[in-house]
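What follows is a single structure, written as structure tokens, with notes after it.
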Amino acid sequence: MDVGKLATEMNRGFIQLLMMVMLDEPMYGYDVVRTLEEKSFTIDENTLYPLLRRLEDRGILASEWRVEENKPRKYYYISEAGREVRQELLKIWEEQARLLKSFVEEE
């Protein structure tokens with residue numbers, strides 16, 4: 001059985017929630033990639049940037065342009081509405097993790 005498609009589906013929601021958690025402090029895309037790599041998680045930039053734009057379009061993230069070292073960079077951060085969404089999603093994630101763990105421990 002090919003687990004790849006299932007893993008991709010699982011990662012979609014996980015990565016959205018991860019961005020909501022990571023972006024309490026503003027970060028630009030390369031910072032996000034590098035921070036995740038330091039934690040042994042790889043995300044392709046072709047996945048990350050469209051995701052950041054979608055979350056911004058939904059009002060979950062906000063952004064601002066900054067020029068540092070003569071390079072313009074778009075910094076993303078969680079919005080107030082995003083904080084509320086994050087709180088609800090974390091509750092759901094905790095309930096799901098608790099339920100899954102209860103079944104795994106029964107085995």
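Quick note on naming: the chains in the structure tokens go A, B, ... in the order shown, residues restart at 1 in each chain, and ligands are numbered from 1 in order of appearance.
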Can you pull out the residues contacting stretch 90-95 of chain A? Cut-off 12 Å, using only C-alpha atoms, and skip same-chain residues under 3 positions away; I want them as a PDB file with N, CA and C atoms, in the first residue's frame.
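Writing the result to out.pdb gives the following:
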```
ATOM      1  N   MET A  10      -2.591  14.013   5.472  1.00  0.00           N
ATOM      2  CA  MET A  10      -2.403  14.322   6.889  1.00  0.00           C
ATOM      3  C   MET A  10      -1.575  15.598   7.059  1.00  0.00           C
ATOM      4  N   GLY A  13      -3.312  19.569   6.712  1.00  0.00           N
ATOM      5  CA  GLY A  13      -3.879  20.241   7.881  1.00  0.00           C
ATOM      6  C   GLY A  13      -2.831  20.523   8.940  1.00  0.00           C
ATOM      7  N   PHE A  14      -1.910  19.569   9.100  1.00  0.00           N
ATOM      8  CA  PHE A  14      -0.859  19.742  10.098  1.00  0.00           C
ATOM      9  C   PHE A  14      -0.010  20.968   9.796  1.00  0.00           C
ATOM     10  N   GLN A  16      -0.782  23.616   8.075  1.00  0.00           N
ATOM     11  CA  GLN A  16      -1.536  24.853   8.308  1.00  0.00           C
ATOM     12  C   GLN A  16      -1.504  25.234   9.783  1.00  0.00           C
ATOM     13  N   LEU A  17      -1.767  24.256  10.636  1.00  0.00           N
ATOM     14  CA  LEU A  17      -1.744  24.514  12.073  1.00  0.00           C
ATOM     15  C   LEU A  17      -0.332  24.876  12.532  1.00  0.00           C
ATOM     16  N   LEU A  18       0.653  24.200  11.988  1.00  0.00           N
ATOM     17  CA  LEU A  18       2.047  24.491  12.332  1.00  0.00           C
ATOM     18  C   LEU A  18       2.393  25.943  12.018  1.00  0.00           C
ATOM     19  N   MET A  20       0.354  28.446  11.952  1.00  0.00           N
ATOM     20  CA  MET A  20      -0.335  29.298  12.929  1.00  0.00           C
ATOM     21  C   MET A  20       0.411  29.333  14.252  1.00  0.00           C
ATOM     22  N   VAL A  21       1.059  28.233  14.605  1.00  0.00           N
ATOM     23  CA  VAL A  21       1.818  28.169  15.857  1.00  0.00           C
ATOM     24  C   VAL A  21       3.170  28.863  15.696  1.00  0.00           C
ATOM     25  N   GLY A  82      -6.682  34.735  13.300  1.00  0.00           N
ATOM     26  CA  GLY A  82      -5.911  33.498  13.227  1.00  0.00           C
ATOM     27  C   GLY A  82      -5.640  32.902  14.593  1.00  0.00           C
ATOM     28  N   ARG A  83      -5.430  33.764  15.575  1.00  0.00           N
ATOM     29  CA  ARG A  83      -5.207  33.269  16.950  1.00  0.00           C
ATOM     30  C   ARG A  83      -6.438  32.519  17.459  1.00  0.00           C
ATOM     31  N   GLU A  84      -7.608  33.045  17.132  1.00  0.00           N
ATOM     32  CA  GLU A  84      -8.850  32.376  17.557  1.00  0.00           C
ATOM     33  C   GLU A  84      -9.007  31.032  16.847  1.00  0.00           C
ATOM     34  N   VAL A  85      -8.731  31.012  15.548  1.00  0.00           N
ATOM     35  CA  VAL A  85      -8.806  29.765  14.781  1.00  0.00           C
ATOM     36  C   VAL A  85      -7.802  28.759  15.341  1.00  0.00           C
ATOM     37  N   ARG A  86      -6.587  29.231  15.603  1.00  0.00           N
ATOM     38  CA  ARG A  86      -5.538  28.361  16.141  1.00  0.00           C
ATOM     39  C   ARG A  86      -5.972  27.732  17.453  1.00  0.00           C
ATOM     40  N   GLN A  87      -6.558  28.517  18.331  1.00  0.00           N
ATOM     41  CA  GLN A  87      -7.009  28.003  19.627  1.00  0.00           C
ATOM     42  C   GLN A  87      -8.009  26.870  19.443  1.00  0.00           C
ATOM     43  N   ARG A  98      -5.551  12.523  21.833  1.00  0.00           N
ATOM     44  CA  ARG A  98      -5.934  11.765  23.020  1.00  0.00           C
ATOM     45  C   ARG A  98      -6.715  10.506  22.623  1.00  0.00           C
ATOM     46  N   LEU A  99      -7.647  10.624  21.690  1.00  0.00           N
ATOM     47  CA  LEU A  99      -8.432   9.491  21.230  1.00  0.00           C
ATOM     48  C   LEU A  99      -7.546   8.452  20.543  1.00  0.00           C
ATOM     49  N   LEU A 100      -6.703   8.905  19.662  1.00  0.00           N
ATOM     50  CA  LEU A 100      -5.802   7.989  18.954  1.00  0.00           C
ATOM     51  C   LEU A 100      -4.898   7.248  19.926  1.00  0.00           C
ATOM     52  N   LYS A 101      -4.357   7.982  20.881  1.00  0.00           N
ATOM     53  CA  LYS A 101      -3.476   7.372  21.881  1.00  0.00           C
ATOM     54  C   LYS A 101      -4.229   6.312  22.690  1.00  0.00           C
ATOM     55  N   SER A 102      -5.487   6.561  22.996  1.00  0.00           N
ATOM     56  CA  SER A 102      -6.261   5.595  23.783  1.00  0.00           C
ATOM     57  C   SER A 102      -6.416   4.285  23.013  1.00  0.00           C
TER      58      SER A 102
END
```
Discussion item. Quick one: residues within 9 Å of A:Arg73, only C-alpha atoms, excluding same-chain residues fewer than 4 positions away - as a list in words?
Written reply: Tyr28, Gly29, Glu64, Trp65, Arg66, Val67 and Glu68 of chain A
Any chance you can output those residues with N, CA and C atoms as a short mmCIF file (atom, residue, chain, number, x, y, z; two decimals), in the first residue's frame?
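Output (result27.cif):
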```cif
data_model
loop_
_atom_site.label_atom_id
_atom_site.label_comp_id
_atom_site.auth_asym_id
_atom_site.auth_seq_id
_atom_site.Cartn_x
_atom_site.Cartn_y
_atom_site.Cartn_z
N TYR A 28 9.93 35.48 7.61
CA TYR A 28 9.78 35.40 6.16
C TYR A 28 10.00 33.95 5.75
N GLY A 29 9.64 33.64 4.51
CA GLY A 29 9.60 32.26 4.05
C GLY A 29 10.85 31.45 4.31
N GLU A 64 3.73 41.85 6.17
CA GLU A 64 4.27 43.19 5.96
C GLU A 64 5.61 43.05 5.25
N TRP A 65 5.92 44.02 4.41
CA TRP A 65 7.20 44.03 3.72
C TRP A 65 8.21 44.79 4.56
N ARG A 66 9.41 44.24 4.64
CA ARG A 66 10.52 44.90 5.31
C ARG A 66 11.74 44.83 4.39
N VAL A 67 12.56 45.86 4.45
CA VAL A 67 13.80 45.84 3.69
C VAL A 67 14.95 45.68 4.69
N GLU A 68 15.67 44.58 4.55
CA GLU A 68 16.81 44.30 5.41
C GLU A 68 17.99 43.91 4.53
#
```
Would you mind writing down, as a short mmCIF file (atom, residue, chain, number, x, y, z; two decimals) with N, CA and C atoms, in the first residue's frame, each residue of chain A that DSSP on the backbone assigns to alpha helix (DSSP H)?
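To be explicit, this is the file written out as selection03.cif:
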```cif
data_model
loop_
_atom_site.label_atom_id
_atom_site.label_comp_id
_atom_site.auth_asym_id
_atom_site.auth_seq_id
_atom_site.Cartn_x
_atom_site.Cartn_y
_atom_site.Cartn_z
N GLY A 4 2.10 7.29 0.82
CA GLY A 4 2.41 8.65 0.42
C GLY A 4 1.22 9.57 0.32
N LYS A 5 0.14 9.11 -0.32
CA LYS A 5 -1.04 9.96 -0.49
C LYS A 5 -1.70 10.25 0.85
N LEU A 6 -1.76 9.23 1.70
CA LEU A 6 -2.35 9.45 3.03
C LEU A 6 -1.51 10.42 3.84
N ALA A 7 -0.19 10.26 3.75
CA ALA A 7 0.71 11.16 4.48
C ALA A 7 0.55 12.59 3.97
N THR A 8 0.39 12.76 2.68
CA THR A 8 0.19 14.10 2.10
C THR A 8 -1.08 14.72 2.64
N GLU A 9 -2.15 13.94 2.70
CA GLU A 9 -3.41 14.46 3.23
C GLU A 9 -3.27 14.85 4.70
N MET A 10 -2.59 14.01 5.47
CA MET A 10 -2.40 14.32 6.89
C MET A 10 -1.58 15.60 7.06
N ASN A 11 -0.55 15.74 6.23
CA ASN A 11 0.34 16.89 6.35
C ASN A 11 -0.32 18.20 6.02
N ARG A 12 -1.31 18.20 5.13
CA ARG A 12 -1.96 19.46 4.73
C ARG A 12 -2.50 20.23 5.93
N GLY A 13 -3.31 19.57 6.71
CA GLY A 13 -3.88 20.24 7.88
C GLY A 13 -2.83 20.52 8.94
N PHE A 14 -1.91 19.57 9.10
CA PHE A 14 -0.86 19.74 10.10
C PHE A 14 -0.01 20.97 9.80
N ILE A 15 0.38 21.14 8.54
CA ILE A 15 1.25 22.26 8.17
C ILE A 15 0.52 23.58 8.36
N GLN A 16 -0.78 23.62 8.07
CA GLN A 16 -1.54 24.85 8.31
C GLN A 16 -1.50 25.23 9.78
N LEU A 17 -1.77 24.26 10.64
CA LEU A 17 -1.74 24.51 12.07
C LEU A 17 -0.33 24.88 12.53
N LEU A 18 0.65 24.20 11.99
CA LEU A 18 2.05 24.49 12.33
C LEU A 18 2.39 25.94 12.02
N MET A 19 1.95 26.44 10.87
CA MET A 19 2.22 27.84 10.52
C MET A 19 1.56 28.78 11.52
N MET A 20 0.35 28.45 11.95
CA MET A 20 -0.34 29.30 12.93
C MET A 20 0.41 29.33 14.25
N VAL A 21 1.06 28.23 14.60
CA VAL A 21 1.82 28.17 15.86
C VAL A 21 3.17 28.86 15.70
N MET A 22 3.85 28.60 14.58
CA MET A 22 5.19 29.17 14.37
C MET A 22 5.18 30.67 14.20
N GLY A 29 9.64 33.64 4.51
CA GLY A 29 9.60 32.26 4.05
C GLY A 29 10.85 31.45 4.31
N TYR A 30 12.02 32.01 3.97
CA TYR A 30 13.25 31.26 4.15
C TYR A 30 13.50 30.96 5.63
N ASP A 31 13.13 31.88 6.50
CA ASP A 31 13.25 31.64 7.95
C ASP A 31 12.39 30.46 8.38
N VAL A 32 11.20 30.36 7.82
CA VAL A 32 10.30 29.25 8.14
C VAL A 32 10.94 27.94 7.70
N VAL A 33 11.42 27.91 6.46
CA VAL A 33 12.06 26.69 5.93
C VAL A 33 13.24 26.28 6.80
N ARG A 34 14.10 27.23 7.11
CA ARG A 34 15.31 26.95 7.90
C ARG A 34 14.95 26.48 9.32
N THR A 35 13.99 27.13 9.94
CA THR A 35 13.58 26.75 11.29
C THR A 35 13.04 25.32 11.31
N LEU A 36 12.24 24.97 10.32
CA LEU A 36 11.71 23.61 10.24
C LEU A 36 12.82 22.59 9.98
N GLU A 37 13.77 22.94 9.11
CA GLU A 37 14.88 22.03 8.84
C GLU A 37 15.70 21.76 10.10
N GLU A 38 15.85 22.78 10.94
CA GLU A 38 16.57 22.60 12.21
C GLU A 38 15.87 21.58 13.10
N GLU A 45 9.56 24.91 -0.80
CA GLU A 45 9.11 26.30 -0.95
C GLU A 45 7.90 26.40 -1.86
N ASN A 46 7.76 25.49 -2.81
CA ASN A 46 6.59 25.48 -3.70
C ASN A 46 5.32 25.07 -2.96
N THR A 47 5.47 24.50 -1.79
CA THR A 47 4.33 24.19 -0.92
C THR A 47 4.10 25.33 0.05
N LEU A 48 5.19 25.86 0.61
CA LEU A 48 5.10 26.87 1.66
C LEU A 48 4.48 28.18 1.19
N TYR A 49 4.99 28.75 0.13
CA TYR A 49 4.53 30.09 -0.26
C TYR A 49 3.06 30.13 -0.66
N PRO A 50 2.57 29.17 -1.45
CA PRO A 50 1.12 29.18 -1.72
C PRO A 50 0.30 29.01 -0.45
N LEU A 51 0.79 28.20 0.49
CA LEU A 51 0.09 28.01 1.76
C LEU A 51 0.03 29.32 2.53
N LEU A 52 1.14 30.02 2.62
CA LEU A 52 1.16 31.30 3.34
C LEU A 52 0.19 32.29 2.70
N ARG A 53 0.16 32.33 1.37
CA ARG A 53 -0.77 33.24 0.68
C ARG A 53 -2.22 32.85 0.93
N ARG A 54 -2.51 31.55 0.91
CA ARG A 54 -3.90 31.11 1.17
C ARG A 54 -4.33 31.48 2.59
N LEU A 55 -3.44 31.26 3.56
CA LEU A 55 -3.78 31.60 4.95
C LEU A 55 -3.95 33.11 5.11
N GLU A 56 -3.17 33.87 4.37
CA GLU A 56 -3.33 35.33 4.42
C GLU A 56 -4.65 35.73 3.77
N ASP A 57 -4.99 35.12 2.64
CA ASP A 57 -6.26 35.43 1.97
C ASP A 57 -7.46 35.13 2.86
N GLU A 80 -5.15 38.38 14.58
CA GLU A 80 -6.00 38.14 15.75
C GLU A 80 -7.04 37.06 15.43
N ALA A 81 -7.64 37.14 14.25
CA ALA A 81 -8.61 36.11 13.85
C ALA A 81 -7.91 34.75 13.78
N GLY A 82 -6.68 34.73 13.30
CA GLY A 82 -5.91 33.50 13.23
C GLY A 82 -5.64 32.90 14.59
N ARG A 83 -5.43 33.76 15.58
CA ARG A 83 -5.21 33.27 16.95
C ARG A 83 -6.44 32.52 17.46
N GLU A 84 -7.61 33.04 17.13
CA GLU A 84 -8.85 32.38 17.56
C GLU A 84 -9.01 31.03 16.85
N VAL A 85 -8.73 31.01 15.55
CA VAL A 85 -8.81 29.77 14.78
C VAL A 85 -7.80 28.76 15.34
N ARG A 86 -6.59 29.23 15.60
CA ARG A 86 -5.54 28.36 16.14
C ARG A 86 -5.97 27.73 17.45
N GLN A 87 -6.56 28.52 18.33
CA GLN A 87 -7.01 28.00 19.63
C GLN A 87 -8.01 26.87 19.44
N GLU A 88 -8.96 27.06 18.54
CA GLU A 88 -9.97 26.02 18.28
C GLU A 88 -9.34 24.79 17.65
N LEU A 89 -8.44 24.98 16.68
CA LEU A 89 -7.80 23.84 16.02
C LEU A 89 -6.90 23.06 16.97
N LEU A 90 -6.24 23.77 17.87
CA LEU A 90 -5.40 23.06 18.86
C LEU A 90 -6.25 22.20 19.79
N LYS A 91 -7.44 22.68 20.13
CA LYS A 91 -8.35 21.88 20.96
C LYS A 91 -8.73 20.60 20.21
N ILE A 92 -9.08 20.75 18.93
CA ILE A 92 -9.45 19.59 18.12
C ILE A 92 -8.28 18.62 18.02
N TRP A 93 -7.09 19.15 17.75
CA TRP A 93 -5.90 18.32 17.61
C TRP A 93 -5.62 17.56 18.92
N GLU A 94 -5.75 18.23 20.05
CA GLU A 94 -5.52 17.57 21.34
C GLU A 94 -6.54 16.46 21.57
N GLU A 95 -7.80 16.71 21.23
CA GLU A 95 -8.83 15.67 21.39
C GLU A 95 -8.55 14.48 20.48
N GLN A 96 -8.15 14.74 19.25
CA GLN A 96 -7.83 13.66 18.31
C GLN A 96 -6.62 12.87 18.79
N ALA A 97 -5.60 13.56 19.25
CA ALA A 97 -4.39 12.88 19.73
C ALA A 97 -4.71 12.01 20.94
N ARG A 98 -5.55 12.52 21.83
CA ARG A 98 -5.93 11.77 23.02
C ARG A 98 -6.71 10.51 22.62
N LEU A 99 -7.65 10.62 21.69
CA LEU A 99 -8.43 9.49 21.23
C LEU A 99 -7.55 8.45 20.54
N LEU A 100 -6.70 8.91 19.66
CA LEU A 100 -5.80 7.99 18.95
C LEU A 100 -4.90 7.25 19.93
N LYS A 101 -4.36 7.98 20.88
CA LYS A 101 -3.48 7.37 21.88
C LYS A 101 -4.23 6.31 22.69
N SER A 102 -5.49 6.56 23.00
CA SER A 102 -6.26 5.60 23.78
C SER A 102 -6.42 4.29 23.01
N PHE A 103 -6.58 4.34 21.70
CA PHE A 103 -6.69 3.14 20.90
C PHE A 103 -5.34 2.43 20.75
N VAL A 104 -4.29 3.20 20.54
CA VAL A 104 -2.96 2.62 20.37
C VAL A 104 -2.52 1.91 21.66
N GLU A 105 -2.83 2.51 22.80
CA GLU A 105 -2.44 1.91 24.08
C GLU A 105 -3.21 0.63 24.36
N GLU A 106 -4.40 0.47 23.76
CA GLU A 106 -5.19 -0.76 23.97
C GLU A 106 -4.57 -1.94 23.27
#
```
Practice prompt. Measuring atom to atom with only C-alpha atoms, identify which of A:Glu107, A:Glu25, A:Asp44, A:Asp2 is nearest to A:Leu61.
Written response: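 Ranked by minimum distance to A:Leu61, first place goes to A:Glu25.
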Fill in: DSSP-assigned strand (DSSP E or B) among chain A, expressed as an MDAnalysis selection string
chainID A and resid 27:28 61:68 71:78
For those residues, write N, CA and C atoms to a file as a PDB file, in the first residue's frame.
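Result file selection_5.pdb:
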```pdb
ATOM      1  N   MET A  27       7.970  36.083  10.526  1.00  0.00           N
ATOM      2  CA  MET A  27       9.070  35.383   9.861  1.00  0.00           C
ATOM      3  C   MET A  27       8.846  35.478   8.352  1.00  0.00           C
ATOM      4  N   TYR A  28       9.928  35.483   7.608  1.00  0.00           N
ATOM      5  CA  TYR A  28       9.783  35.399   6.160  1.00  0.00           C
ATOM      6  C   TYR A  28      10.004  33.950   5.746  1.00  0.00           C
ATOM      7  N   LEU A  61      -3.463  34.720   8.535  1.00  0.00           N
ATOM      8  CA  LEU A  61      -2.154  35.355   8.637  1.00  0.00           C
ATOM      9  C   LEU A  61      -2.245  36.764   8.087  1.00  0.00           C
ATOM     10  N   ALA A  62      -1.319  37.599   8.501  1.00  0.00           N
ATOM     11  CA  ALA A  62      -1.144  38.936   7.945  1.00  0.00           C
ATOM     12  C   ALA A  62       0.320  39.020   7.516  1.00  0.00           C
ATOM     13  N   SER A  63       0.659  40.064   6.773  1.00  0.00           N
ATOM     14  CA  SER A  63       2.042  40.190   6.333  1.00  0.00           C
ATOM     15  C   SER A  63       2.440  41.652   6.234  1.00  0.00           C
ATOM     16  N   GLU A  64       3.730  41.854   6.172  1.00  0.00           N
ATOM     17  CA  GLU A  64       4.272  43.192   5.955  1.00  0.00           C
ATOM     18  C   GLU A  64       5.614  43.048   5.249  1.00  0.00           C
ATOM     19  N   TRP A  65       5.919  44.017   4.410  1.00  0.00           N
ATOM     20  CA  TRP A  65       7.202  44.025   3.724  1.00  0.00           C
ATOM     21  C   TRP A  65       8.208  44.794   4.561  1.00  0.00           C
ATOM     22  N   ARG A  66       9.408  44.239   4.637  1.00  0.00           N
ATOM     23  CA  ARG A  66      10.525  44.904   5.313  1.00  0.00           C
ATOM     24  C   ARG A  66      11.735  44.830   4.393  1.00  0.00           C
ATOM     25  N   VAL A  67      12.561  45.855   4.452  1.00  0.00           N
ATOM     26  CA  VAL A  67      13.804  45.835   3.692  1.00  0.00           C
ATOM     27  C   VAL A  67      14.949  45.679   4.692  1.00  0.00           C
ATOM     28  N   GLU A  68      15.666  44.581   4.550  1.00  0.00           N
ATOM     29  CA  GLU A  68      16.815  44.304   5.412  1.00  0.00           C
ATOM     30  C   GLU A  68      17.985  43.910   4.526  1.00  0.00           C
ATOM     31  N   LYS A  71      17.412  43.954   0.898  1.00  0.00           N
ATOM     32  CA  LYS A  71      16.550  42.928   0.312  1.00  0.00           C
ATOM     33  C   LYS A  71      15.145  43.089   0.878  1.00  0.00           C
ATOM     34  N   PRO A  72      14.158  43.278  -0.013  1.00  0.00           N
ATOM     35  CA  PRO A  72      12.783  43.303   0.487  1.00  0.00           C
ATOM     36  C   PRO A  72      12.330  41.883   0.819  1.00  0.00           C
ATOM     37  N   ARG A  73      11.745  41.732   1.979  1.00  0.00           N
ATOM     38  CA  ARG A  73      11.255  40.423   2.423  1.00  0.00           C
ATOM     39  C   ARG A  73       9.845  40.596   2.970  1.00  0.00           C
ATOM     40  N   LYS A  74       9.005  39.623   2.633  1.00  0.00           N
ATOM     41  CA  LYS A  74       7.640  39.644   3.139  1.00  0.00           C
ATOM     42  C   LYS A  74       7.586  38.794   4.400  1.00  0.00           C
ATOM     43  N   TYR A  75       7.256  39.428   5.507  1.00  0.00           N
ATOM     44  CA  TYR A  75       7.154  38.751   6.793  1.00  0.00           C
ATOM     45  C   TYR A  75       5.697  38.410   7.060  1.00  0.00           C
ATOM     46  N   TYR A  76       5.470  37.168   7.459  1.00  0.00           N
ATOM     47  CA  TYR A  76       4.127  36.694   7.786  1.00  0.00           C
ATOM     48  C   TYR A  76       4.018  36.534   9.296  1.00  0.00           C
ATOM     49  N   TYR A  77       2.813  36.775   9.815  1.00  0.00           N
ATOM     50  CA  TYR A  77       2.544  36.581  11.242  1.00  0.00           C
ATOM     51  C   TYR A  77       1.053  36.292  11.413  1.00  0.00           C
ATOM     52  N   ILE A  78       0.724  35.676  12.517  1.00  0.00           N
ATOM     53  CA  ILE A  78      -0.670  35.301  12.758  1.00  0.00           C
ATOM     54  C   ILE A  78      -1.493  36.538  13.105  1.00  0.00           C
TER      55      ILE A  78
END
```
